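Let me begin by presenting the structure, written as structure tokens, before commenting on it.
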Number of protein chains: 4
Amino acid sequence: MARIRIDPSSAVPIWSQIEEAVRRLVSAGALRPGDAVPSVRECATDLRVNPATVSRAYQRLVDAGVLEVRRGDGTYVAERPPTMTRAERARDLRAAAARLATVALPMGASLDDTVEALRAAWAELARPARKEDR
Amino acid sequence: MARIRIDPSSAVPIWSQIEEAVRRLVSAGALRPGDAVPSVRECATDLRVNPATVSRAYQRLVDAGVLEVRRGDGTYVAERPPTMTRAERARDLRAAAARLATVALPMGASLDDTVEALRAAWAELARPARKEDR
Amino acid sequence: MARIRIDPSSAVPIWSQIEEAVRRLVSAGALRPGDAVPSVRECATDLRVNPATVSRAYQRLVDAGVLEVRRGDGTYVAERPPTMTRAERARDLRAAAARLATVALPMGASLDDTVEALRAAWAELARPARKEDR
Amino acid sequence: MARIRIDPSSAVPIWSQIEEAVRRLVSAGALRPGDAVPSVRECATDLRVNPATVSRAYQRLVDAGVLEVRRGDGTYVAERPPTMTRAERARDLRAAAARLATVALPMGASLDDTVEALRAAWAELARPARKEDR
DNA sequence: GTGGTCTAGACCACG
DNA sequence: GTGGTCTAGACCACA
């Protein structure tokens with residue numbers, strides 16, 4: 001599975017970072033329905049965190065229907081992972097855009113500058129889907 | 001002082017939300033050097049928040065040189081509040097843009113959609129605050 | 001042997017589901033003393049389950065005297081399978097009824113609604129199994 | 001708050017027992033919106049379990065919107081705890097009724113016997129809403 | 001005081 | 001081997 005990176009010094013909980021990372025890999029198609037995710041222990045040693053921390057992230061993903069557990073076997077991407085409705089996605093997008101605006105505006109940036117920064121970040125993220133994944 | 005909005009359910013600490021809000025008001029010129037900011041207890045009752053929480057935000061702003069206390073009088077915006085360097089601002093802008101991209105991309109939004117959402121948020125924020133809230 | 005249904009996502013262990021299912025078939029007379037039950041591997045492939053899991057269920061049923069193995073031949077329903085006493089059955093029935101009540105009551109259902117749901121489920125189950133499933 | 005009882009020897013996880021107990025107290029109105037639930041530590045010592053176990057139950061209830069945390073203050077019943085839709089309740093009721101039927105039928109009980117057992121359990125549960133709660 | 005996070009380690013059930 | 005549960009205890013941030 002694609003590499004997950006964790007920032008242990010971040011304010012956001014490690015389990016949350018793992019949860020988000022897996023969600024993104026699934027959304028992006030790097031992890032497909034039926035694919036196995038690393039075992040709790042394996043992922044834990046990889047990331048050098050406690051297995052309970054990984055377990056917590058996985059557990060939440062199972063509860064959310066993103067992953068499913070085959071008992072005594074392993075954890076897999078659910079056959080039909082839940083997808084956000086159009087409305088939910090639109091709401092999330094608006095909220096995220098508002099967050100950028102509230103940072104950029106009072107700093108004196110122009111809208112054009114901000115759009116430009118967004119384009120740059122977009123290009124940066126959209127590109128390295130090659131070696132990085134899988 | 002201009003109205004501040006707090007989200008008590010957010011993961012980011014309330015004191016941090018207050019600190020950021022004041023910084024933005026100063027950066028945006030809504031609070032000018034020499035202006036008074038509300039007293040800790042006034043602000044606390046306004047925001048329905050513990051005074052200690054406001055106090056912590058103010059303290060940090062004083063430490064950062066954004067505010068200054070005149071003993072026995074009150075708290076004021078510093079005469080010469082520190083401003084970010086161009087490089088710092090550019091870095092912050094890039095980081096904020098990256099955050100939007102990491103939300104929008106895996107959700108399948110197009111760059112155009114995202115830019116559009118940004119424009120909308122921008123217009124919303126830039127519009128002169130009328131009789132905001134409460 | 002009559003079709004068994006397993007719910008792999010249930011919290012109750014698969015071997016336990018199998019064990020209970022066989023017990024019920026025997027109690028209900030769908031499996032009679034001397035009848036053969038499917039081999040472990042046959043049952044396992046049918047249910048898409050690990051043979052060890054079926055084996056554990058069968059083993060427990062043998063231990064309980066419900067099934068018996070004829071070595072080199074196969075597994076059969078015991079000639080005189082143990083039956084619950086009246087008191088045991090009454091206790092089990094009460095416990096099961098209590099479980100339904102503890103679900104229905106706090107959900108605001110009326111007793112009549114609940115009895116009606118029970119009648120419907122009863123009719124569903126009592127109806128002679130036609131060409132069940134698969 | 002009303003007494004919660006835990007069966008540490010039960011197969012169902014303690015955190016799940018706590019979660020269900022709180023859900024029922026809220027559904028039954030013994031805990032009303034805005035009411036405080038015992039602190040994690042208090043509940044833990046009461047039930048003689050580890051705080052992390054209680055925390056897990058509470059956390060799930062917060063995620064489900066049943067409880068809400070006021071940071072540094074305590075945990076409270078949400079102002080508007082989520083309510084199941086009619087369809088969801090109907091589905092749950094049917095499933096629970098089916099569970100009772102699958103126990104009662106193969107044991108040779110008549111439908112009338114089973115309905116009678118249900119009535120008895122119902123009366124038992126509906127009654128002691130007096131001293132038990134609050 | 002509150003809840004949240006994380007670690008370390010044990011034990012269990014499942015396959 | 002897998003995941004799940006629980007304990008014990010430490011540390012942190014918040015109010």
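By convention in this document, the chains of the structure tokens carry letters A, B, ... by their order, each chain's residues are numbered from 1, and ligands are numbered from 1 in the order they are shown.
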Matching each Cα of chain D to its counterpart in chain C by order, what RMSD results from the least-squares fit?
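The superposed chains show a C-alpha RMSD of 1.8 Å.
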Would you please give, as number ranges by chain, all residues of chain C that DSSP assigns to helix (DSSP H, G or I) based on the backbone?
C: 14-28, 40-47, 51-63, 86-107, 111-126
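Inside segment 19-129 of chain A, the residues DSSP reads as strand (DSSP E) when given the backbone are Leu67, Glu68, Val69, Arg70, Gly74, Thr75, Tyr76 and Val77 of chain A.
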At most 7 Å to chain D: residues in chain F, only C-alpha atoms (C1' of nucleotides), as a CSV table (one decimal) with C-alpha atoms (C1' of nucleotides), in the first residue's frame:
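Saved to part_21.csv:
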chain,number,residue,atom,x,y,z
F,7,DT,C1',-5.5,-2.2,32.2
F,14,DC,C1',-8.4,23.3,28.3
F,15,DA,C1',-11.3,25.9,31.5
Starting from chain D, keep only residues with some atom at most 7 Å from an atom of chain C, counting only C-alpha atoms, and report them as a VMD selection string.
chain D and resid 24 27 to 28 93 to 94 96 to 98 100 to 101 104 106 to 107 115 117 to 118 121 to 122
Deliver the residues from the most recent selection as a file, using C-alpha atoms, as a PDB file, in the first residue's frame.
ATOM      1  CA  ARG D  24     -31.149   3.984  26.673  1.00  0.00           C
ATOM      2  CA  SER D  27     -33.962   7.588  24.843  1.00  0.00           C
ATOM      3  CA  ALA D  28     -35.998   6.935  27.945  1.00  0.00           C
ATOM      4  CA  LEU D  93     -37.714  -3.617  15.397  1.00  0.00           C
ATOM      5  CA  ARG D  94     -38.114  -6.193  12.656  1.00  0.00           C
ATOM      6  CA  ALA D  96     -35.096  -7.785  16.931  1.00  0.00           C
ATOM      7  CA  ALA D  97     -38.407  -9.555  16.442  1.00  0.00           C
ATOM      8  CA  ALA D  98     -36.770 -11.943  14.021  1.00  0.00           C
ATOM      9  CA  LEU D 100     -36.779 -13.716  19.130  1.00  0.00           C
ATOM     10  CA  ALA D 101     -38.595 -15.827  16.567  1.00  0.00           C
ATOM     11  CA  ALA D 104     -38.553 -19.476  20.046  1.00  0.00           C
ATOM     12  CA  PRO D 106     -37.130 -24.229  16.920  1.00  0.00           C
ATOM     13  CA  MET D 107     -37.558 -24.669  20.641  1.00  0.00           C
ATOM     14  CA  VAL D 115     -46.205 -13.370  22.737  1.00  0.00           C
ATOM     15  CA  ALA D 117     -43.286 -14.128  27.239  1.00  0.00           C
ATOM     16  CA  LEU D 118     -42.909 -10.839  25.411  1.00  0.00           C
ATOM     17  CA  ALA D 121     -40.809  -8.974  29.674  1.00  0.00           C
ATOM     18  CA  TRP D 122     -42.458  -5.767  28.533  1.00  0.00           C
TER      19      TRP D 122
END
What separation in Å, quoted to one decimal, exists between atom CA of Ser39 of chain A and atom CA of Pro82 of chain A?
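For atom CA of Ser39 of chain A relative to atom CA of Pro82 of chain A, the distance reads 21.7 Å.
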Could you work out how far atom CA of Ser9 of chain C lies from atom C1' of DC12 of chain E, giving the answer in Å with one decimal?
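Pair atom C1' of DC12 of chain E / atom CA of Ser9 of chain C returns 18.7 Å.
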Between chain E and chain A, at 9 Å or less, what are the per-residue closest atom pairs and their distances in Å? Count only C-alpha atoms (C1' of nucleotides), order by chain and rising residue number, and return it as CSV.
residue,atom,partner,partner_atom,distance
E:DT5,C1',A:Pro13,CA,7.1
E:DC6,C1',A:Thr53,CA,7.4
E:DT7,C1',A:Asn50,CA,6.4
E:DA8,C1',A:Asn50,CA,8.4
E:DA13,C1',A:Gly72,CA,8.5
E:DC14,C1',A:Gly72,CA,4.6
E:DG15,C1',A:Gly72,CA,4.9
Take the selection from the previous step and output its residues with N, CA and C atoms (P, O5', C5', C4', C3', O3' and C1' of nucleotides), as a tab-separated table (two decimals), in the first residue's frame.
chain	number	residue	atom	x	y	z
E	5	DT	P	-8.24	12.53	21.02
E	5	DT	O5'	-6.77	12.15	21.46
E	5	DT	C5'	-5.77	13.14	21.42
E	5	DT	C4'	-4.48	12.53	21.87
E	5	DT	C3'	-4.12	11.23	21.13
E	5	DT	O3'	-2.93	11.48	20.41
E	5	DT	C1'	-3.77	11.04	23.48
E	6	DC	P	-2.43	10.44	19.34
E	6	DC	O5'	-1.47	9.52	20.19
E	6	DC	C5'	-0.39	10.11	20.88
E	6	DC	C4'	0.19	9.12	21.87
E	6	DC	C3'	0.39	7.72	21.31
E	6	DC	O3'	1.78	7.56	21.00
E	6	DC	C1'	-0.37	7.75	23.60
E	7	DT	P	2.31	6.15	20.54
E	7	DT	O5'	2.68	5.49	21.93
E	7	DT	C5'	3.43	6.26	22.87
E	7	DT	C4'	3.81	5.41	24.05
E	7	DT	C3'	4.23	3.99	23.68
E	7	DT	O3'	5.41	3.66	24.39
E	7	DT	C1'	2.46	3.93	25.27
E	8	DA	P	6.33	2.50	23.92
E	8	DA	O5'	5.95	1.38	24.98
E	8	DA	C5'	5.88	1.74	26.36
E	8	DA	C4'	5.33	0.55	27.14
E	8	DA	C3'	5.64	-0.79	26.48
E	8	DA	O3'	6.28	-1.64	27.42
E	8	DA	C1'	3.33	-0.61	27.00
E	13	DA	P	-11.27	-16.62	24.88
E	13	DA	O5'	-11.74	-16.19	23.43
E	13	DA	C5'	-12.48	-14.98	23.28
E	13	DA	C4'	-12.67	-14.74	21.80
E	13	DA	C3'	-13.00	-16.01	21.03
E	13	DA	O3'	-13.94	-15.68	20.03
E	13	DA	C1'	-11.02	-15.04	20.17
E	14	DC	P	-14.55	-16.73	19.11
E	14	DC	O5'	-13.75	-16.51	17.74
E	14	DC	C5'	-13.84	-15.24	17.11
E	14	DC	C4'	-12.94	-15.25	15.90
E	14	DC	C3'	-13.14	-16.46	15.00
E	14	DC	O3'	-13.59	-16.00	13.74
E	14	DC	C1'	-10.83	-16.00	15.37
E	15	DG	P	-13.94	-16.96	12.58
E	15	DG	O5'	-12.52	-17.26	11.92
E	15	DG	C5'	-11.85	-16.20	11.29
E	15	DG	C4'	-10.60	-16.70	10.62
E	15	DG	C3'	-10.79	-17.94	9.75
E	15	DG	O3'	-10.01	-17.78	8.59
E	15	DG	C1'	-9.08	-18.34	11.31
Point-to-point distance from atom CA of Leu47 of chain D to atom CA of Asp63 of chain A, Å rounded to tenths:
25.9 Å
